[in-house]
Structures are given as structure tokens and as C-alpha cells.
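Student: Structure supplied as upload-v2.csv; contents: CSV, C-alpha atoms and all ligand atoms.
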```csv
chain,number,residue,atom,x,y,z
Z,1,MET,CA,5.7,-28.4,-5.6
Z,2,ILE,CA,4.7,-25.9,-2.9
Z,3,ASP,CA,3.6,-23.0,-5.0
Z,4,LEU,CA,3.8,-19.6,-3.3
Z,5,ARG,CA,4.1,-17.6,-6.5
Z,6,SER,CA,0.7,-16.1,-6.3
Z,7,ASP,CA,-2.7,-16.5,-4.6
Z,8,THR,CA,-4.2,-16.7,-8.1
Z,9,ILE,CA,-3.0,-20.3,-8.7
Z,10,THR,CA,-5.7,-22.0,-6.7
Z,11,ARG,CA,-8.1,-24.3,-8.5
Z,12,PRO,CA,-11.8,-24.7,-8.0
Z,13,THR,CA,-12.7,-27.2,-5.3
Z,14,PRO,CA,-15.4,-29.9,-5.9
Z,15,LYS,CA,-17.9,-28.0,-3.9
Z,16,MET,CA,-17.2,-24.8,-5.9
Z,17,LEU,CA,-17.7,-26.8,-9.1
Z,18,GLU,CA,-21.0,-28.1,-7.7
Z,19,ALA,CA,-22.1,-24.5,-7.0
Z,20,MET,CA,-21.3,-23.6,-10.6
Z,21,MET,CA,-23.2,-26.6,-12.0
Z,22,ASN,CA,-26.3,-25.6,-10.1
Z,23,ALA,CA,-26.3,-22.0,-11.2
Z,24,LYS,CA,-29.3,-20.6,-13.0
Z,25,VAL,CA,-27.9,-18.9,-16.0
Z,26,GLY,CA,-29.0,-16.8,-19.0
Z,27,ASP,CA,-27.5,-14.4,-21.5
Z,28,ASP,CA,-25.9,-11.6,-19.6
Z,29,VAL,CA,-25.4,-9.4,-22.7
Z,30,PHE,CA,-29.2,-9.4,-22.7
Z,31,GLY,CA,-29.1,-8.8,-18.9
Z,32,GLU,CA,-30.8,-12.2,-18.4
Z,33,ASP,CA,-28.3,-14.1,-16.2
Z,34,GLU,CA,-30.1,-14.4,-12.9
Z,35,THR,CA,-27.1,-15.5,-10.9
Z,36,VAL,CA,-24.8,-12.7,-12.0
Z,37,ASN,CA,-27.6,-10.1,-11.5
Z,38,VAL,CA,-28.3,-11.2,-7.9
Z,39,PHE,CA,-24.5,-11.4,-7.2
Z,40,GLN,CA,-23.8,-8.0,-8.5
Z,41,ASP,CA,-26.6,-6.5,-6.4
Z,42,LYS,CA,-25.4,-8.4,-3.3
Z,43,VAL,CA,-21.8,-7.3,-3.5
Z,44,ALA,CA,-22.8,-3.7,-4.4
Z,45,LYS,CA,-25.0,-3.6,-1.3
Z,46,MET,CA,-22.3,-5.0,0.9
Z,47,PHE,CA,-20.1,-2.1,0.0
Z,48,GLY,CA,-22.9,0.5,0.1
Z,49,MET,CA,-22.7,1.1,-3.6
Z,50,GLU,CA,-25.6,1.4,-6.0
Z,51,SER,CA,-24.4,-1.1,-8.6
Z,52,GLY,CA,-21.9,-3.7,-9.5
Z,53,LEU,CA,-20.5,-5.0,-12.8
Z,54,PHE,CA,-19.0,-8.5,-13.0
Z,55,VAL,CA,-15.8,-8.4,-15.2
Z,56,PRO,CA,-13.3,-11.0,-16.3
Z,57,SER,CA,-10.3,-9.5,-14.4
Z,58,GLY,CA,-9.2,-7.0,-11.9
Z,59,THR,CA,-7.4,-5.2,-14.7
Z,60,MET,CA,-10.7,-4.6,-16.5
Z,61,GLY,CA,-12.3,-3.4,-13.3
Z,62,ASN,CA,-9.5,-0.9,-12.7
Z,63,GLN,CA,-9.4,0.3,-16.3
Z,64,LEU,CA,-13.2,0.7,-16.5
Z,65,ALA,CA,-13.0,2.8,-13.4
Z,66,VAL,CA,-10.3,5.0,-14.9
Z,67,LYS,CA,-12.4,5.2,-18.1
Z,68,VAL,CA,-15.7,6.3,-16.4
Z,69,LEU,CA,-13.9,8.8,-14.1
Z,70,THR,CA,-11.8,10.7,-16.7
Z,71,GLU,CA,-11.6,12.4,-20.0
Z,72,PRO,CA,-8.6,12.1,-22.4
Z,73,GLY,CA,-5.8,14.4,-21.3
Z,74,ASP,CA,-6.8,14.1,-17.6
Z,75,GLU,CA,-4.3,13.0,-15.0
Z,76,ILE,CA,-4.6,10.2,-12.4
Z,77,LEU,CA,-2.5,10.0,-9.3
Z,78,ILE,CA,-1.0,6.7,-8.1
Z,79,ASP,CA,1.8,5.4,-6.0
Z,80,HIS,CA,4.8,4.3,-8.0
Z,81,LYS,CA,4.2,0.7,-6.8
Z,82,GLY,CA,0.6,0.7,-8.0
Z,83,HIS,CA,-0.8,-2.2,-10.0
Z,84,ILE,CA,-2.5,0.2,-12.5
Z,85,PHE,CA,0.9,1.8,-13.2
Z,86,ASN,CA,3.1,-1.3,-13.2
Z,87,TYR,CA,1.1,-4.4,-14.3
Z,88,GLU,CA,-1.7,-3.3,-16.6
Z,89,THR,CA,0.3,-2.9,-19.9
Z,90,GLY,CA,0.0,0.8,-19.9
Z,91,ALA,CA,-3.8,0.5,-20.4
Z,92,ALA,CA,-4.8,3.7,-18.7
Z,93,SER,CA,-2.9,5.7,-21.4
Z,94,ALA,CA,-4.0,3.4,-24.2
Z,95,LEU,CA,-7.6,3.0,-23.4
Z,96,SER,CA,-8.5,6.3,-21.5
Z,97,GLY,CA,-5.9,8.6,-22.9
Z,98,VAL,CA,-4.9,9.7,-19.4
Z,99,GLN,CA,-1.6,10.7,-18.0
Z,100,VAL,CA,-0.6,8.5,-15.1
Z,101,ARG,CA,1.3,10.5,-12.5
Z,102,ILE,CA,3.3,8.4,-10.1
Z,103,LEU,CA,3.9,9.6,-6.6
Z,104,ASP,CA,6.3,8.5,-3.9
Z,105,GLY,CA,4.3,6.9,-1.2
Z,106,LYS,CA,5.3,4.3,1.3
Z,107,ASN,CA,4.8,0.5,0.8
Z,108,GLY,CA,2.4,1.3,-2.1
Z,109,LYS,CA,0.3,3.6,0.0
Z,110,LEU,CA,-0.4,7.3,-0.6
Z,111,GLY,CA,-0.6,9.9,2.2
Z,112,ILE,CA,-1.7,13.5,2.6
Z,113,PRO,CA,1.7,15.2,2.3
Z,114,VAL,CA,2.5,13.5,-1.0
Z,115,LEU,CA,-1.0,14.2,-2.4
Z,116,GLN,CA,-0.9,17.9,-1.2
Z,117,HIS,CA,2.5,18.2,-3.0
Z,118,ALA,CA,1.0,16.8,-6.2
Z,119,LYS,CA,-1.9,19.3,-6.2
Z,120,ARG,CA,-1.9,21.5,-9.3
Z,121,GLY,CA,-3.2,24.9,-10.0
Z,122,ASN,CA,-6.1,25.6,-12.3
Z,123,PHE,CA,-4.2,26.7,-15.4
Z,124,ASP,CA,-5.1,26.1,-19.0
Z,125,TRP,CA,-1.8,24.6,-19.7
Z,126,GLU,CA,-1.9,22.0,-16.9
Z,127,PRO,CA,-3.5,18.6,-17.1
Z,128,LYS,CA,-6.7,18.3,-15.0
Z,129,THR,CA,-6.0,15.9,-12.1
Z,130,LYS,CA,-9.2,13.8,-11.7
Z,131,VAL,CA,-8.6,10.6,-9.7
Z,132,ILE,CA,-6.6,9.3,-6.8
Z,133,CYS,CA,-5.9,5.6,-7.3
Z,134,LEU,CA,-5.5,3.7,-4.0
Z,135,GLU,CA,-4.7,0.0,-3.5
Z,136,ASN,CA,-5.8,-2.0,-0.5
Z,137,SER,CA,-4.1,-4.2,0.4
Z,138,THR,CA,-1.0,-3.2,-1.7
Z,139,ASN,CA,0.6,-5.8,-3.9
Z,140,LYS,CA,4.0,-4.6,-4.8
Z,141,GLY,CA,3.9,-2.7,-1.5
Z,142,GLY,CA,3.9,-6.0,0.4
Z,143,GLY,CA,0.3,-6.5,1.4
Z,144,VAL,CA,0.0,-3.6,3.7
Z,145,CYS,CA,-3.4,-2.0,4.4
Z,146,TYR,CA,-4.8,1.5,4.9
Z,147,SER,CA,-6.2,2.4,8.3
Z,148,LYS,CA,-9.6,4.0,8.6
Z,149,GLU,CA,-8.0,7.3,9.6
Z,150,GLU,CA,-5.7,7.3,6.5
Z,151,LEU,CA,-8.6,6.7,4.2
Z,152,SER,CA,-10.8,9.3,5.9
Z,153,ALA,CA,-8.0,11.9,5.5
Z,154,ILE,CA,-7.6,11.1,1.8
Z,155,LYS,CA,-11.4,11.3,1.3
Z,156,THR,CA,-11.5,14.7,3.0
Z,157,PHE,CA,-8.6,15.9,0.8
Z,158,ALA,CA,-10.3,14.5,-2.3
Z,159,ASP,CA,-13.5,16.3,-1.5
Z,160,LYS,CA,-11.8,19.6,-0.9
Z,161,GLU,CA,-9.9,19.3,-4.2
Z,162,ASP,CA,-12.8,17.9,-6.2
Z,163,LEU,CA,-11.0,14.6,-7.0
Z,164,ARG,CA,-12.5,11.2,-7.3
Z,165,ILE,CA,-11.1,8.1,-5.5
Z,166,HIS,CA,-10.7,4.7,-7.1
Z,167,LEU,CA,-9.9,1.9,-4.8
Z,168,ASP,CA,-8.2,-1.1,-6.3
Z,169,GLY,CA,-9.4,-3.7,-3.9
Z,170,ALA,CA,-8.0,-6.8,-5.6
Z,171,ARG,CA,-7.3,-8.0,-2.1
Z,172,ILE,CA,-9.8,-6.0,-0.1
Z,173,TRP,CA,-10.9,-9.2,1.5
Z,174,ASN,CA,-7.5,-9.7,3.0
Z,175,ALA,CA,-7.4,-6.0,4.0
Z,176,MET,CA,-10.8,-6.4,5.8
Z,177,THR,CA,-9.6,-9.5,7.5
Z,178,ALA,CA,-6.5,-7.7,8.8
Z,179,THR,CA,-8.0,-4.4,9.8
Z,180,ASN,CA,-11.6,-5.3,10.7
Z,181,ILE,CA,-12.9,-2.3,8.6
Z,182,ASN,CA,-16.3,-3.1,7.3
Z,183,PRO,CA,-17.1,-3.0,3.5
Z,184,GLY,CA,-19.5,-0.1,3.9
Z,185,PHE,CA,-16.7,2.1,5.0
Z,186,PHE,CA,-14.8,1.5,1.7
Z,187,GLY,CA,-17.9,2.5,-0.2
Z,188,GLU,CA,-18.1,5.7,1.8
Z,189,VAL,CA,-14.6,6.8,1.0
Z,190,SER,CA,-14.5,5.7,-2.7
Z,191,ASP,CA,-16.2,6.6,-5.9
Z,192,THR,CA,-15.4,3.4,-7.6
Z,193,ILE,CA,-14.0,0.1,-6.2
Z,194,SER,CA,-12.7,-3.0,-8.0
Z,195,VAL,CA,-12.6,-6.3,-6.1
Z,196,CYS,CA,-11.3,-9.7,-7.2
Z,197,PHE,CA,-12.7,-13.1,-6.4
Z,198,SER,CA,-9.8,-14.8,-8.1
Z,199,LYS,CA,-7.1,-14.0,-5.6
Z,200,GLY,CA,-7.2,-15.4,-2.0
Z,201,LEU,CA,-10.9,-16.2,-2.2
Z,202,GLY,CA,-10.1,-18.8,-4.8
Z,203,ALA,CA,-12.6,-18.3,-7.6
Z,204,PRO,CA,-11.2,-19.4,-11.0
Z,205,VAL,CA,-12.1,-16.1,-12.8
Z,206,GLY,CA,-13.9,-12.9,-11.8
Z,207,SER,CA,-13.7,-9.4,-10.4
Z,208,MET,CA,-16.3,-6.7,-9.9
Z,209,LEU,CA,-16.5,-3.0,-10.4
Z,210,LEU,CA,-18.7,-1.1,-7.9
Z,211,SER,CA,-20.0,2.4,-8.2
Z,212,SER,CA,-23.1,4.5,-8.8
Z,213,LYS,CA,-25.8,3.4,-11.2
Z,214,GLU,CA,-24.8,6.0,-13.7
Z,215,ARG,CA,-21.1,5.0,-13.8
Z,216,ILE,CA,-21.9,1.3,-13.9
Z,217,ALA,CA,-24.2,1.8,-16.9
Z,218,LYS,CA,-21.4,3.6,-18.7
Z,219,ALA,CA,-18.9,1.0,-17.6
Z,220,ARG,CA,-21.2,-1.7,-19.0
Z,221,ARG,CA,-21.0,-0.2,-22.5
Z,222,TYR,CA,-17.2,0.0,-22.3
Z,223,ARG,CA,-17.0,-3.6,-21.0
Z,224,LYS,CA,-18.8,-4.6,-24.2
Z,225,MET,CA,-16.6,-2.4,-26.3
Z,226,TRP,CA,-13.5,-4.0,-24.8
Z,227,GLY,CA,-14.8,-7.5,-25.4
Z,228,GLY,CA,-15.8,-8.3,-21.8
Z,229,GLY,CA,-19.5,-8.8,-22.4
Z,230,MET,CA,-20.0,-12.5,-21.4
Z,231,ARG,CA,-23.0,-14.8,-22.0
Z,232,GLN,CA,-23.8,-17.5,-19.4
Z,233,VAL,CA,-21.5,-15.8,-16.9
Z,234,GLY,CA,-23.6,-17.0,-14.0
Z,235,LEU,CA,-21.3,-20.0,-14.0
Z,236,LEU,CA,-18.4,-17.8,-13.0
Z,237,ALA,CA,-20.5,-15.6,-10.7
Z,238,ALA,CA,-21.6,-18.8,-8.8
Z,239,ALA,CA,-18.0,-19.7,-8.3
Z,240,ALA,CA,-17.2,-16.2,-7.0
Z,241,ASP,CA,-20.3,-16.2,-4.7
Z,242,TYR,CA,-19.2,-19.6,-3.4
Z,243,ALA,CA,-15.7,-18.2,-2.8
Z,244,LEU,CA,-17.1,-15.2,-0.9
Z,245,GLU,CA,-19.4,-17.2,1.2
Z,246,ASN,CA,-17.0,-20.0,2.1
Z,247,ASN,CA,-13.4,-18.8,1.8
Z,248,TRP,CA,-13.3,-15.3,3.2
Z,249,ASP,CA,-13.1,-16.6,6.8
Z,250,ASN,CA,-10.1,-18.7,6.0
Z,251,LEU,CA,-7.9,-15.7,4.9
Z,252,SER,CA,-6.8,-15.2,8.5
Z,253,GLU,CA,-5.2,-18.7,8.3
Z,254,ASP,CA,-3.1,-17.5,5.3
Z,255,HIS,CA,-2.1,-14.4,7.3
Z,256,ARG,CA,-1.1,-16.5,10.2
Z,257,ARG,CA,1.0,-18.8,8.0
Z,258,ALA,CA,2.7,-15.8,6.3
Z,259,LYS,CA,3.7,-14.6,9.8
Z,260,GLU,CA,5.1,-17.9,10.9
Z,261,VAL,CA,7.3,-18.1,7.8
Z,262,ALA,CA,8.3,-14.5,8.2
Z,263,GLN,CA,9.5,-15.2,11.8
Z,264,VAL,CA,11.9,-17.8,10.5
Z,265,ILE,CA,13.3,-15.3,8.0
Z,266,PHE,CA,13.5,-12.7,10.8
Z,267,ASP,CA,15.5,-15.1,12.9
Z,268,SER,CA,17.9,-16.0,10.1
Z,269,LYS,CA,21.3,-14.5,9.4
Z,270,SER,CA,21.3,-14.1,5.6
Z,271,LEU,CA,17.7,-13.3,4.9
Z,272,ALA,CA,15.8,-10.2,6.0
Z,273,VAL,CA,12.2,-9.1,6.5
Z,274,ASP,CA,10.5,-6.1,7.9
Z,275,MET,CA,8.0,-7.7,10.3
Z,276,SER,CA,6.1,-4.4,10.9
Z,277,ASN,CA,5.0,-4.4,7.2
Z,278,LEU,CA,3.6,-7.9,7.4
Z,279,GLN,CA,-0.2,-7.5,7.7
Z,280,THR,CA,-1.8,-10.0,5.2
Z,281,ASN,CA,-0.9,-12.9,3.0
Z,282,ILE,CA,1.9,-11.3,1.0
Z,283,LEU,CA,5.4,-11.8,2.4
Z,284,LEU,CA,8.2,-9.7,0.9
Z,285,PHE,CA,11.7,-10.5,2.1
Z,286,ASP,CA,15.3,-9.9,1.0
Z,287,ALA,CA,18.4,-11.9,0.4
Z,288,VAL,CA,21.3,-10.2,2.3
Z,289,ASN,CA,24.4,-11.6,0.7
Z,290,GLU,CA,23.2,-13.0,-2.6
Z,291,THR,CA,20.6,-12.3,-5.3
Z,292,ALA,CA,17.0,-13.2,-5.2
Z,293,GLU,CA,17.5,-15.5,-8.1
Z,294,SER,CA,20.1,-17.5,-6.2
Z,295,VAL,CA,17.7,-17.9,-3.2
Z,296,LEU,CA,14.9,-18.8,-5.5
Z,297,LYS,CA,17.0,-21.5,-7.1
Z,298,LYS,CA,17.8,-23.1,-3.7
Z,299,LEU,CA,14.1,-23.0,-2.8
Z,300,ALA,CA,13.2,-24.6,-6.1
Z,301,GLU,CA,15.6,-27.5,-5.4
Z,302,LYS,CA,13.6,-28.1,-2.2
Z,303,GLY,CA,10.3,-28.1,-4.2
Z,304,ILE,CA,9.2,-24.5,-3.3
Z,305,GLN,CA,8.3,-21.8,-5.7
Z,306,MET,CA,8.2,-18.1,-5.0
Z,307,ILE,CA,8.8,-15.1,-7.4
Z,308,PRO,CA,11.4,-12.3,-7.6
Z,309,PHE,CA,10.2,-8.8,-6.8
Z,310,GLY,CA,13.5,-7.0,-7.3
Z,311,PRO,CA,17.2,-7.9,-7.5
Z,312,LYS,CA,17.3,-8.8,-3.8
Z,313,THR,CA,13.6,-9.1,-3.0
Z,314,ILE,CA,11.3,-12.2,-3.1
Z,315,ARG,CA,7.6,-12.4,-2.8
Z,316,ALA,CA,5.8,-15.4,-1.2
Z,317,THR,CA,2.0,-15.3,-1.3
Z,318,PHE,CA,-0.2,-17.5,0.9
Z,319,HIS,CA,-3.4,-19.1,-0.2
Z,320,PHE,CA,-5.7,-22.0,0.7
Z,321,GLU,CA,-3.8,-24.7,-1.2
Z,322,ILE,CA,-0.9,-24.2,1.2
Z,323,THR,CA,-1.3,-26.4,4.3
Z,324,ASP,CA,0.4,-26.3,7.7
Z,325,GLU,CA,2.6,-29.2,6.6
Z,326,ASP,CA,3.7,-27.1,3.6
Z,327,VAL,CA,4.5,-24.3,5.9
Z,328,GLU,CA,6.7,-26.5,8.0
Z,329,GLN,CA,8.6,-27.5,4.9
Z,330,VAL,CA,9.0,-23.9,3.8
Z,331,LYS,CA,10.2,-22.9,7.3
Z,332,ALA,CA,12.8,-25.6,7.3
Z,333,ALA,CA,14.0,-24.7,3.9
Z,334,LEU,CA,14.3,-21.0,4.7
Z,335,ALA,CA,16.1,-21.7,8.0
Z,336,GLU,CA,18.6,-23.8,6.1
Z,337,ILE,CA,19.1,-21.2,3.3
Z,338,GLY,CA,19.3,-18.3,5.7
Z,339,LYS,CA,21.6,-19.8,8.3
N,401,LIG,C1,-4.1,-9.0,-9.2
N,401,LIG,C2,-4.3,-7.6,-9.0
N,401,LIG,C3,-5.1,-6.9,-9.9
N,401,LIG,C4,-5.9,-7.5,-11.1
N,401,LIG,O1,-5.3,-8.5,-11.7
N,401,LIG,P1,-6.0,-9.4,-12.8
N,401,LIG,O2,-4.9,-10.4,-13.1
N,401,LIG,O3,-6.2,-8.5,-14.0
N,401,LIG,O4,-7.2,-10.0,-12.3
N,401,LIG,C5,-5.3,-5.5,-9.7
N,401,LIG,N1,-4.7,-4.9,-8.6
N,401,LIG,C6,-4.0,-5.6,-7.8
N,401,LIG,C7,-3.4,-4.8,-6.6
N,401,LIG,C8,-3.7,-6.9,-7.9
N,401,LIG,O5,-2.9,-7.5,-7.1
```
Would you kindly transcribe this structure into C-alpha cells?
Tutor:
Amino acid sequence: MIDLRSDTITRPTPKMLEAMMNAKVGDDVFGEDETVNVFQDKVAKMFGMESGLFVPSGTMGNQLAVKVLTEPGDEILIDHKGHIFNYETGAASALSGVQVRILDGKNGKLGIPVLQHAKRGNFDWEPKTKVICLENSTNKGGGVCYSKEELSAIKTFADKEDLRIHLDGARIWNAMTATNINPGFFGEVSDTISVCFSKGLGAPVGSMLLSSKERIAKARRYRKMWGGGMRQVGLLAAAADYALENNWDNLSEDHRRAKEVAQVIFDSKSLAVDMSNLQTNILLFDAVNETAESVLKKLAEKGIQMIPFGPKTIRATFHFEITDEDVEQVKAALAEIGK
């Protein structure tokens, strides 16, 4: 099977397992795991943040950010395609008691007009808007990235309106590869950032929340409360560190392969893709005359797996287990289906 359902399906390589076996570990609930301590400092420093907190999932990183940036009854702003709104089981309402206000951005991205429109007055009867949640690259938005200018404008707006910015950087590595923006810049425009090592970088488990010392200390308590305090977690941090050191450079290959496949879809008659939105490893395309399910079935018969992202829309996500030979097979299959 050629599995393009997600970039989370990759398995640890022998070298990654070796890095895990050699990790110096201790009890991280006691703060004694050397590997995770060093790794947290390293990633925090990379993004120009004071502290980092290793967490089991991107969802926990995002939810801890919402928790430490809000009080119950506050409001957070997010694009209607945002992961925090769509794919985190309503956790922001359940765990932080906040109201999630969805806005109508483009390809999962928010811009100034939409944010300005969402701005509230300062009345006793209105919720307090506290946080702007951004996603980079966007998932449901098709892997598109913010430009430096867009982020700077949002940061200026947030400062003026006294709002915090949380950046969901599950695929920030892909975004950096595509846009050449350095990590320090993301630290400058965000109050909290969550990053994942378990997506395209290929670690088996692991994400990190980055922020100020004070917020991370608070998040550490909630991580424990929510059952995310881990013991010899250096095993996982070693895998994540290996992924960061060795697999980041290869993301550009995933992006190239996504573009190659997209070109075949673009050239076909009965499949459609917006090439201008294709920036990273996520490829969204549409069936023109049939349903997504019917195209997926034909692909499955040819040994190719993708996932539906709407009645007509399909998502293919590229990752390091997909080779150039696989790509040729996928191109041939799509050319046949789309002819
Ligand atoms: C995958 C993802 C997450 C986190 O997912 P987990 O499965 O909880 O690690 C968060 N945000 C975005 C945009 C994602 O794609």
C-alpha cells in the first residue's frame, strides 16, 4: 500500500531507534530527565522563547496554550478550518471553559479585515476576546503558509487590541521549508507556539509547547493534571531530536513530490486542483464528476490510500516513507482516474 493518508503514519527508522536506545533518561516528573531537559531548552532557544514543555501530542500543546492564556468565559478567535476548532474534541470549551469563535478566513488563514470585524467593545455583557489562534502551515486549509508580512500585521493588530497570539505549528517545519522564515521570527510574533515532531519529521510521538518561563511553569502543572506528566520521556525526546536534526532537510522532497502529483491532477479532465495553494506536503484536490469516495475507491484498488476531506475533496499528505517510485505509481493512477 502507498499510504498518503497522513504524515503521522511514518515509523521510526533503525537510526532513530538507536538514538532512543542511547538516550540518558531520568524521571521527568521529578525534572530529572536530562535528554528532555536539554531538548526543551534547545527548541525554545531556536524559536527565541524562554522555555519549552515536551507533551504527548499537538492537541495537548494547543490546549495547554489556550489554558494558560485564558480565563473561563473568555473568547478565542480561530479560522473555521482550524484544528483547535475541528479536531480536538471540543477540548477548549471542556478544559478551559472558553468560547471558540470561528472566523471566515481563507485556506485556514486569518487576515486583518476579518480580525478587525471580530473586534468587540469593552462591555460587561460581552465575552473578553483573549487569543488569536493561527495555524502554520494550515491542515484543513491545504498546507498553505503565512508570509512574514501577514504575521507582522496580525502581531501589530494583536498588540494594539491587547490580544495574545497562539501559533499552532504542528507543521511549522514544513512552513519554514516553504517560506524560508527563520524560527526566531515565529517567536517574535507569538506568545505561545506548539510544534509537532510526529508529523513530517517522523518521530513516533511528541510535540512541544513554547512560551515564557512563567506560562510554561503553569502549563507544566496542567500537563500533570491532564495526565501528561511522563517518566523516562527522554526516550521520546531523543527520537524527536533525531527527527529534527536529520529529517527537516528532507521536507523539501515531500513538497516537490506533492507538486509533481498535483501537476498530473491539474492536467487531467475529471480531477481539479488549485496549484496556487500548493505550498507544502499537503495536497487537496477535487473530483469533478463524481464523489471523493468513488475516487478513493478507485485509488484503493490500485494500492493507494488517501483520505476524504469533504464530499468532493481528497487530501494526500507526503512524508518520507513515500519514494519517487511510489510517486510514479500515484501519478499513473491519477492520470488514469482523471482522464
Ligand atoms: C496534527 C495536528 C495537530 C495535533 O495533532 P495530534 O494528533 O494531537 O498530535 C494540531 N494542529 C494541526 C494543524 C495538526 O495538523
Student: What is the CA of Val144 (chain Z)-CA of Pro204 (chain Z) distance in Å, reported with one decimal?
Tutor: 24.3 Å
Student: My list of candidates is Z:Glu214, Z:Glu126, Z:Asp274, Z:Glu150. Which is closest to Met49 (chain Z) when distances are computed with all atoms listed in the file?
Tutor: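 Of Z:Glu214, Z:Glu126, Z:Asp274, Z:Glu150, the one nearest Met49 (chain Z), counting all atoms listed in the file, is Z:Glu214.
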Student: Ligand LIG 401 (chain N): which residues are within 6 Å, counting all atoms listed in the file, as a PDB file with C-alpha atoms, in the coordinates of the input?
Tutor:
```
ATOM      1  CA  SER Z  57     -10.300  -9.500 -14.400  1.00  0.00           C
ATOM      2  CA  GLY Z  58      -9.200  -7.000 -11.900  1.00  0.00           C
ATOM      3  CA  THR Z  59      -7.400  -5.200 -14.700  1.00  0.00           C
ATOM      4  CA  HIS Z  83      -0.800  -2.200 -10.000  1.00  0.00           C
ATOM      5  CA  GLU Z 135      -4.700   0.000  -3.500  1.00  0.00           C
ATOM      6  CA  THR Z 138      -1.000  -3.200  -1.700  1.00  0.00           C
ATOM      7  CA  ASN Z 139       0.600  -5.800  -3.900  1.00  0.00           C
ATOM      8  CA  ASP Z 168      -8.200  -1.100  -6.300  1.00  0.00           C
ATOM      9  CA  ALA Z 170      -8.000  -6.800  -5.600  1.00  0.00           C
TER      10      ALA Z 170
END
```
Student: Residues within 9 Å of region 17-26 of chain Z, please, as a list in words. Count all atoms listed in the file; anything in the same chain fewer than 3 positions from it doesn't count.
Tutor: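 Skipping anything fewer than 3 positions along the chain leaves Pro12, Thr13, Pro14, Phe30, Gly31, Glu32, Asp33, Glu34, Thr35, Val36, Arg231, Gln232, Val233, Gly234, Leu235, Leu236, Ala237, Ala238, Ala239, Asp241 and Tyr242 of chain Z.
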Student: Tell me which protein, DNA and RNA residues are within 8 Å of Pro183 (chain Z), counting all atoms listed in the file, leaving out same-chain ones fewer than 3 positions away, and put them as a PyMOL selection string.
Tutor: chain Z and resi 46-48+176+186-187
Student: Quick one: distance from CA of Leu278 (chain Z) to CA of Arg171 (chain Z) in Å, one decimal?
Tutor: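 Those two atoms sit 14.5 Å apart.
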Student: What separation in Å, quoted to one decimal, exists between CA of Asn281 (chain Z) and CA of Lys259 (chain Z)?
Tutor: 8.4 Å
Student: Quick one: everything within 10 Å of Lys140 (chain Z), counting all atoms listed in the file, minus sequence neighbours fewer than 4 positions away in the same chain. Send it as a PyMOL selection string.
Tutor: chain Z and resi 80-83+86-87+107-108+135+144+282+284+309+315
Student: Dump as a count of residues only all residues having an atom at most 12 Å from (-2.0, -27.2, 8.8), computed in the file's coordinates with all atoms listed in the file.
Tutor: 15
Student: Can you tell me, as a list in words, what residues are no more than 10 Å from region 92-100 of chain Z when counting all atoms listed in the file, ignoring any on the same chain fewer than 5 positions away?
Tutor: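 These residues fall inside the cut-off: Asn62, Gln63, Leu64, Ala65, Val66, Lys67, Val68, Leu69, Thr70, Glu71, Pro72, Gly73, Asp74, Glu75, Ile76, Leu77, Ile78, Asp79, His80, Ile84, Phe85, Pro127, Lys128, Thr129, Lys130, Val131, Cys133 and Trp226 of chain Z.
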Student: Any idea what's packed within 7 Å of Leu251 (chain Z), counting only C-alpha atoms, ignoring anything in its chain fewer than 4 positions away? Could you give it as an MDAnalysis selection string?
Tutor: chainID Z and resid 174 177 200 255
